[in-house]
Amino acid sequence: MNDLVIVFPGQGSQFPGMGKNWFDAHDSVRERFRQASDIVGYSLEDLCFNAPPGELTKTAHAQVALLVLSHSMYEVLHADRRPPAAAMAGHSLGEITALLAAGALAFDDAVRLVKARGEAMQLCAAENSAGMIAALKMPAAEVETCVAGFNAGTRTVQVANYNAERQTVLSGALDDLKDLTAYLEERGCKVVRLNVGGAFHSTFMANAVPSYVRAVEEIEFSQPAVPVYSTVTGRAYGSVREIKDALAVQLTSPVRWSTAVSALAERDVALWLEVGPKQVLKKLLQDAVDGGAVHSLDAEPDEAYAALDRLAERKRREPGLVGLCLGAAAATRNRNFDEEQYTNGVVLPYRRLQELNQVDKDELSDEQKATVLELLGVIMTTKQVPEAERRERIASVLVRTGDTHLRTDAGVPAG
């Protein structure tokens, strides 16, 4: 159980003065603020540290500021520790930060995309007298039943966020939300009105979609180097097209955060790390996952770094890519009894793997790693291991070592 999952927060985590300690302490953070300010046309430094609180709360401002600060914090973390993330995820806006951190798009493009996203959502919200409430202490399925009963007729309240089993966020017209609050409270639910600028993640955002989709299509995405889990589908992105399709419907679809967390938890996560201001996601995760430490880089940096160091030490004691491939090669059943083929396709590649195992696992280049995977592929092919089993074994090795960016003809590229 040595996996690290890094998560990035979405809108609602912003607060005046956020990131000041990171900005003051790190040249790289100041440079990212400067680059982003040039793109958006206003000073992010002034927005975060000097502007009236209401300015940072505006959707168009908050989203850019959160992206830039969260990613800047991740870059500091990466420079300090090179965290061996097995997967990443982000809540709503935070998903774009996760894609950026995983190398799926460039920083400048991410800022432009989030600028377009925030502006489109803010303009759309101004067209509607709508908002959001959080339904607490009631199971999500029961909330859904209540909403369906309440909506019977002409009301259009919608589930916007599945944050946790007992935290569901709803979007709707303000008058409807007021009546729904009473309706839910009569049934034992605690309801909190959220201080947001619109009914996000619902059909109330439909008019924001066209301009945002155009912005998405203009961006050059690539496959993430680390698996990124979508809160639209609840699973890891499998292609660039999936990324664009999910982002296109994200504004009007519910955030399935709890679904994504459940899928990630199946990886036997040892450490969950929230990278961004506040610790909103940390609190959600603490209530949702069994086992594994949960830390916030912003709220408790010393504890977070200590947890990363402990994880790194455990990983150092684990077999590396070559060791795992040697194990997989030895463990697979042989179905080929042609002596010459076995010698050329199993014995000789295995010896080459043993030679490569003499190289420090942290010093292996991607080219050497690709060779290791190809050798394993040759061995399993020669042993006549079925293709599905070959793919599964190689995928398992790549996930365990965090080398999911590698692509090989041996059987499986990861991601």
# chains A, B, ... in the order shown; residues from 1 in each chain; ligands from 1

$ residues_around --residues "Leu326 (chain A)" --least-positions-apart "5" --cutoff "8 Å" --atoms "only C-alpha atoms" --output "list in words"
Tyr350, Leu353, Gln354 and Leu376 of chain A

$ write_last_selection --atoms "N, CA, C and O atoms" --output "mmCIF file, in the first residue's frame"
data_model
loop_
_atom_site.group_PDB
_atom_site.id
_atom_site.type_symbol
_atom_site.label_atom_id
_atom_site.label_comp_id
_atom_site.auth_asym_id
_atom_site.auth_seq_id
_atom_site.Cartn_x
_atom_site.Cartn_y
_atom_site.Cartn_z
ATOM 1 N N TYR A 350 15.745 -13.101 -20.312
ATOM 2 C CA TYR A 350 15.774 -13.107 -18.842
ATOM 3 C C TYR A 350 17.168 -12.722 -18.340
ATOM 4 O O TYR A 350 17.303 -11.967 -17.374
ATOM 5 N N LEU A 353 17.504 -9.080 -18.600
ATOM 6 C CA LEU A 353 16.808 -8.430 -17.485
ATOM 7 C C LEU A 353 17.664 -8.471 -16.226
ATOM 8 O O LEU A 353 17.727 -7.491 -15.462
ATOM 9 N N GLN A 354 18.328 -9.588 -15.983
ATOM 10 C CA GLN A 354 19.189 -9.693 -14.801
ATOM 11 C C GLN A 354 20.334 -8.689 -14.864
ATOM 12 O O GLN A 354 20.730 -8.107 -13.841
ATOM 13 N N LEU A 376 10.234 -8.240 -21.231
ATOM 14 C CA LEU A 376 9.168 -8.984 -20.569
ATOM 15 C C LEU A 376 8.113 -9.419 -21.584
ATOM 16 O O LEU A 376 7.602 -10.548 -21.533
#

$ select_by_dssp --residues "region 326-411 of chain A" --states "helix (DSSP H, G or I)" --output "ChimeraX atom specification"
/A:326-331,339-356,361-363,366-382,387-401

$ select_by_dssp --residues "region 127-351 of chain A" --states "strand (DSSP E)" --output "PyMOL selection string"
chain A and resi 130-136+158-164+167-173+190-193+228-229+269-274+293-296

$ closest_residue --among "A:Asp268, A:Glu300, A:Asp309, A:Asp108" --to "Pro83 (chain A)" --atoms "only C-alpha atoms"
A:Asp309

$ residues_around --residues "Val157 (chain A)" --least-positions-apart "3" --cutoff "7 Å" --atoms "only C-alpha atoms" --output "list in words"
Val147, Asn151, Leu170, Ser171 and Gly172 of chain A

$ residues_around --residues "Lys369 (chain A)" --least-positions-apart "6" --cutoff "8 Å" --atoms "only C-alpha atoms" --output "list in words"
Leu321, Val322 and Leu406 of chain A

$ atom_distance --atom1 "CA of Ala225 (chain A)" --atom2 "CA of Val385 (chain A)"
27.8 Å

$ residues_around --residues "Tyr237 (chain A)" --least-positions-apart "2" --cutoff "12 Å" --atoms "only C-alpha atoms" --output "PDB file with N, CA, C and O atoms, in the first residue's frame"
ATOM      1  N   ALA A  87      -1.557   8.656  -9.186  1.00  0.00           N
ATOM      2  CA  ALA A  87      -2.753   9.184  -9.850  1.00  0.00           C
ATOM      3  C   ALA A  87      -3.017  10.585  -9.326  1.00  0.00           C
ATOM      4  O   ALA A  87      -2.506  10.991  -8.278  1.00  0.00           O
ATOM      5  N   MET A  88      -3.851  11.330 -10.072  1.00  0.00           N
ATOM      6  CA  MET A  88      -4.251  12.670  -9.682  1.00  0.00           C
ATOM      7  C   MET A  88      -5.737  12.852  -9.952  1.00  0.00           C
ATOM      8  O   MET A  88      -6.323  12.140 -10.774  1.00  0.00           O
ATOM      9  N   ALA A  89      -6.324  13.814  -9.253  1.00  0.00           N
ATOM     10  CA  ALA A  89      -7.724  14.169  -9.486  1.00  0.00           C
ATOM     11  C   ALA A  89      -7.917  15.605  -9.022  1.00  0.00           C
ATOM     12  O   ALA A  89      -7.104  16.139  -8.271  1.00  0.00           O
ATOM     13  N   GLU A  95      -9.773  19.787 -11.693  1.00  0.00           N
ATOM     14  CA  GLU A  95      -9.437  18.749 -12.657  1.00  0.00           C
ATOM     15  C   GLU A  95      -8.515  19.295 -13.747  1.00  0.00           C
ATOM     16  O   GLU A  95      -7.642  18.579 -14.245  1.00  0.00           O
ATOM     17  N   ALA A  98      -5.151  19.338 -12.265  1.00  0.00           N
ATOM     18  CA  ALA A  98      -4.585  17.989 -12.277  1.00  0.00           C
ATOM     19  C   ALA A  98      -4.034  17.639 -13.657  1.00  0.00           C
ATOM     20  O   ALA A  98      -2.937  17.077 -13.781  1.00  0.00           O
ATOM     21  N   LEU A  99      -4.776  17.969 -14.696  1.00  0.00           N
ATOM     22  CA  LEU A  99      -4.310  17.706 -16.063  1.00  0.00           C
ATOM     23  C   LEU A  99      -3.033  18.487 -16.365  1.00  0.00           C
ATOM     24  O   LEU A  99      -2.112  17.982 -17.015  1.00  0.00           O
ATOM     25  N   ALA A 102      -0.151  16.902 -14.557  1.00  0.00           N
ATOM     26  CA  ALA A 102       0.182  15.609 -15.170  1.00  0.00           C
ATOM     27  C   ALA A 102       0.750  15.760 -16.578  1.00  0.00           C
ATOM     28  O   ALA A 102       1.014  14.764 -17.247  1.00  0.00           O
ATOM     29  N   ALA A 104      -0.651  17.196 -19.318  1.00  0.00           N
ATOM     30  CA  ALA A 104      -1.582  17.031 -20.433  1.00  0.00           C
ATOM     31  C   ALA A 104      -1.774  18.302 -21.244  1.00  0.00           C
ATOM     32  O   ALA A 104      -2.311  18.246 -22.359  1.00  0.00           O
ATOM     33  N   PHE A 221      -4.029  19.175 -26.215  1.00  0.00           N
ATOM     34  CA  PHE A 221      -3.866  18.275 -25.080  1.00  0.00           C
ATOM     35  C   PHE A 221      -3.002  17.094 -25.492  1.00  0.00           C
ATOM     36  O   PHE A 221      -2.904  16.737 -26.665  1.00  0.00           O
ATOM     37  N   SER A 222      -2.387  16.450 -24.495  1.00  0.00           N
ATOM     38  CA  SER A 222      -1.690  15.185 -24.706  1.00  0.00           C
ATOM     39  C   SER A 222      -2.099  14.228 -23.600  1.00  0.00           C
ATOM     40  O   SER A 222      -2.732  14.643 -22.612  1.00  0.00           O
ATOM     41  N   GLN A 223      -1.773  12.966 -23.765  1.00  0.00           N
ATOM     42  CA  GLN A 223      -2.126  11.986 -22.739  1.00  0.00           C
ATOM     43  C   GLN A 223      -1.361  12.306 -21.451  1.00  0.00           C
ATOM     44  O   GLN A 223      -0.150  12.530 -21.485  1.00  0.00           O
ATOM     45  N   PRO A 224      -2.027  12.365 -20.296  1.00  0.00           N
ATOM     46  CA  PRO A 224      -1.334  12.679 -19.039  1.00  0.00           C
ATOM     47  C   PRO A 224      -0.234  11.671 -18.736  1.00  0.00           C
ATOM     48  O   PRO A 224      -0.388  10.474 -18.988  1.00  0.00           O
ATOM     49  N   ALA A 225       0.886  12.153 -18.201  1.00  0.00           N
ATOM     50  CA  ALA A 225       1.975  11.267 -17.801  1.00  0.00           C
ATOM     51  C   ALA A 225       1.612  10.462 -16.563  1.00  0.00           C
ATOM     52  O   ALA A 225       2.193   9.410 -16.306  1.00  0.00           O
ATOM     53  N   VAL A 226       0.673  10.984 -15.780  1.00  0.00           N
ATOM     54  CA  VAL A 226       0.145  10.299 -14.596  1.00  0.00           C
ATOM     55  C   VAL A 226      -1.363  10.173 -14.800  1.00  0.00           C
ATOM     56  O   VAL A 226      -1.995  11.121 -15.275  1.00  0.00           O
ATOM     57  N   PRO A 227      -1.968   9.032 -14.473  1.00  0.00           N
ATOM     58  CA  PRO A 227      -3.418   8.907 -14.647  1.00  0.00           C
ATOM     59  C   PRO A 227      -4.177  10.015 -13.916  1.00  0.00           C
ATOM     60  O   PRO A 227      -3.908  10.302 -12.745  1.00  0.00           O
ATOM     61  N   VAL A 228      -5.106  10.650 -14.616  1.00  0.00           N
ATOM     62  CA  VAL A 228      -5.967  11.676 -14.025  1.00  0.00           C
ATOM     63  C   VAL A 228      -7.403  11.152 -14.074  1.00  0.00           C
ATOM     64  O   VAL A 228      -7.891  10.760 -15.133  1.00  0.00           O
ATOM     65  N   TYR A 229      -8.048  11.152 -12.911  1.00  0.00           N
ATOM     66  CA  TYR A 229      -9.410  10.626 -12.819  1.00  0.00           C
ATOM     67  C   TYR A 229     -10.422  11.743 -13.054  1.00  0.00           C
ATOM     68  O   TYR A 229     -10.342  12.811 -12.447  1.00  0.00           O
ATOM     69  N   SER A 230     -11.376  11.476 -13.923  1.00  0.00           N
ATOM     70  CA  SER A 230     -12.404  12.447 -14.277  1.00  0.00           C
ATOM     71  C   SER A 230     -13.535  12.412 -13.260  1.00  0.00           C
ATOM     72  O   SER A 230     -13.988  11.337 -12.853  1.00  0.00           O
ATOM     73  N   THR A 231     -14.008  13.588 -12.869  1.00  0.00           N
ATOM     74  CA  THR A 231     -15.167  13.639 -11.979  1.00  0.00           C
ATOM     75  C   THR A 231     -16.467  13.727 -12.771  1.00  0.00           C
ATOM     76  O   THR A 231     -17.535  13.890 -12.188  1.00  0.00           O
ATOM     77  N   VAL A 232     -16.370  13.608 -14.086  1.00  0.00           N
ATOM     78  CA  VAL A 232     -17.568  13.436 -14.916  1.00  0.00           C
ATOM     79  C   VAL A 232     -17.888  11.948 -15.046  1.00  0.00           C
ATOM     80  O   VAL A 232     -19.022  11.515 -14.876  1.00  0.00           O
ATOM     81  N   THR A 233     -16.850  11.148 -15.317  1.00  0.00           N
ATOM     82  CA  THR A 233     -17.046   9.713 -15.521  1.00  0.00           C
ATOM     83  C   THR A 233     -16.678   8.874 -14.305  1.00  0.00           C
ATOM     84  O   THR A 233     -17.132   7.740 -14.167  1.00  0.00           O
ATOM     85  N   GLY A 234     -15.812   9.406 -13.441  1.00  0.00           N
ATOM     86  CA  GLY A 234     -15.361   8.654 -12.278  1.00  0.00           C
ATOM     87  C   GLY A 234     -14.217   7.705 -12.557  1.00  0.00           C
ATOM     88  O   GLY A 234     -13.804   6.951 -11.677  1.00  0.00           O
ATOM     89  N   ARG A 235     -13.644   7.756 -13.764  1.00  0.00           N
ATOM     90  CA  ARG A 235     -12.541   6.856 -14.092  1.00  0.00           C
ATOM     91  C   ARG A 235     -11.394   7.652 -14.723  1.00  0.00           C
ATOM     92  O   ARG A 235     -11.568   8.816 -15.092  1.00  0.00           O
ATOM     93  N   SER A 239      -7.853   8.824 -23.179  1.00  0.00           N
ATOM     94  CA  SER A 239      -7.414   9.433 -24.433  1.00  0.00           C
ATOM     95  C   SER A 239      -7.632  10.938 -24.370  1.00  0.00           C
ATOM     96  O   SER A 239      -8.370  11.450 -23.513  1.00  0.00           O
ATOM     97  N   VAL A 240      -7.002  11.633 -25.300  1.00  0.00           N
ATOM     98  CA  VAL A 240      -7.188  13.084 -25.412  1.00  0.00           C
ATOM     99  C   VAL A 240      -8.636  13.406 -25.739  1.00  0.00           C
ATOM    100  O   VAL A 240      -9.211  14.371 -25.216  1.00  0.00           O
ATOM    101  N   ARG A 241      -9.256  12.593 -26.580  1.00  0.00           N
ATOM    102  CA  ARG A 241     -10.661  12.837 -26.928  1.00  0.00           C
ATOM    103  C   ARG A 241     -11.553  12.739 -25.693  1.00  0.00           C
ATOM    104  O   ARG A 241     -12.489  13.529 -25.544  1.00  0.00           O
ATOM    105  N   GLU A 242     -11.266  11.791 -24.817  1.00  0.00           N
ATOM    106  CA  GLU A 242     -12.036  11.674 -23.578  1.00  0.00           C
ATOM    107  C   GLU A 242     -11.894  12.919 -22.727  1.00  0.00           C
ATOM    108  O   GLU A 242     -12.860  13.374 -22.104  1.00  0.00           O
ATOM    109  N   ILE A 243     -10.691  13.464 -22.679  1.00  0.00           N
ATOM    110  CA  ILE A 243     -10.463  14.685 -21.896  1.00  0.00           C
ATOM    111  C   ILE A 243     -11.330  15.812 -22.431  1.00  0.00           C
ATOM    112  O   ILE A 243     -12.051  16.482 -21.679  1.00  0.00           O
ATOM    113  N   LYS A 244     -11.278  16.039 -23.728  1.00  0.00           N
ATOM    114  CA  LYS A 244     -12.041  17.136 -24.315  1.00  0.00           C
ATOM    115  C   LYS A 244     -13.545  16.927 -24.165  1.00  0.00           C
ATOM    116  O   LYS A 244     -14.282  17.874 -23.872  1.00  0.00           O
ATOM    117  N   ASP A 245     -13.990  15.689 -24.342  1.00  0.00           N
ATOM    118  CA  ASP A 245     -15.419  15.411 -24.222  1.00  0.00           C
ATOM    119  C   ASP A 245     -15.911  15.646 -22.799  1.00  0.00           C
ATOM    120  O   ASP A 245     -16.997  16.202 -22.587  1.00  0.00           O
ATOM    121  N   ALA A 246     -15.133  15.217 -21.814  1.00  0.00           N
ATOM    122  CA  ALA A 246     -15.541  15.391 -20.425  1.00  0.00           C
ATOM    123  C   ALA A 246     -15.530  16.863 -20.021  1.00  0.00           C
ATOM    124  O   ALA A 246     -16.457  17.343 -19.356  1.00  0.00           O
ATOM    125  N   LEU A 247     -14.497  17.581 -20.427  1.00  0.00           N
ATOM    126  CA  LEU A 247     -14.446  19.010 -20.097  1.00  0.00           C
ATOM    127  C   LEU A 247     -15.603  19.762 -20.744  1.00  0.00           C
ATOM    128  O   LEU A 247     -16.141  20.714 -20.171  1.00  0.00           O
ATOM    129  N   ALA A 260     -15.176   9.210  -8.112  1.00  0.00           N
ATOM    130  CA  ALA A 260     -13.751   9.204  -8.447  1.00  0.00           C
ATOM    131  C   ALA A 260     -12.913   8.768  -7.251  1.00  0.00           C
ATOM    132  O   ALA A 260     -11.958   7.992  -7.396  1.00  0.00           O
ATOM    133  N   ALA A 414       0.484   2.561 -20.562  1.00  0.00           N
ATOM    134  CA  ALA A 414      -0.403   2.877 -19.467  1.00  0.00           C
ATOM    135  C   ALA A 414      -1.122   4.166 -19.728  1.00  0.00           C
ATOM    136  O   ALA A 414      -0.799   4.879 -20.632  1.00  0.00           O
ATOM    137  N   GLY A 415      -2.024   4.469 -18.751  1.00  0.00           N
ATOM    138  CA  GLY A 415      -2.768   5.711 -18.837  1.00  0.00           C
ATOM    139  C   GLY A 415      -3.973   5.520 -19.635  1.00  0.00           C
ATOM    140  O   GLY A 415      -4.707   6.378 -19.922  1.00  0.00           O
TER     141      GLY A 415
END

$ residues_around --residues "region 135-143 of chain A" --least-positions-apart "5" --cutoff "8 Å" --atoms "only C-alpha atoms" --output "list in words"
Tyr162, Ala164, Glu165, Arg166, Gln167, Thr168, Val169, Leu170, Leu184, Gly188, Cys189, Lys190, Val191 and Val192 of chain A

$ write_last_selection --atoms "C-alpha atoms" --output "compact mmCIF listing (two decimals), in the first residue's frame"
# COMPACT_ATOMS: atom_id res chain seq x y z
CA TYR A 162 -21.75 14.30 -5.18
CA ALA A 164 -19.49 12.50 -0.12
CA GLU A 165 -22.07 9.98 0.99
CA ARG A 166 -23.68 12.59 3.23
CA GLN A 167 -22.75 15.79 1.40
CA THR A 168 -24.65 16.56 -1.78
CA VAL A 169 -24.75 19.97 -3.44
CA LEU A 170 -27.85 21.10 -5.33
CA LEU A 184 -35.35 18.83 3.29
CA GLY A 188 -34.06 15.65 8.98
CA CYS A 189 -31.53 17.06 6.54
CA LYS A 190 -29.15 19.87 7.45
CA VAL A 191 -29.04 22.47 4.66
CA VAL A 192 -26.42 25.17 4.10

$ closest_residue --among "A:Glu367, A:Asp27, A:Glu220, A:Asp176" --to "Ala130 (chain A)" --atoms "only C-alpha atoms"
A:Asp176

$ residues_around --residues "region 211-213 of chain A" --least-positions-apart "2" --cutoff "10 Å" --atoms "only C-alpha atoms" --output "MDAnalysis selection string"
chainID A and resid 113:121 207:209 215:218 244:245 247:249 251

$ closest_residue --among "A:Asn2, A:Thr156, A:Ser72, A:Gln63" --to "Asp298 (chain A)" --atoms "only C-alpha atoms"
A:Ser72

$ closest_residue --among "A:Cys146, A:Asn163, A:Tyr74, A:His201" --to "Leu180 (chain A)" --atoms "only C-alpha atoms"
A:Cys146

$ closest_residue --among "A:Gly377, A:Pro254, A:Gly276, A:Gly103" --to "Gly19 (chain A)" --atoms "only C-alpha atoms"
A:Gly276

$ closest_residue --among "A:Val280, A:Val68, A:Ile39, A:Val159" --to "Trp22 (chain A)" --atoms "only C-alpha atoms"
A:Val68
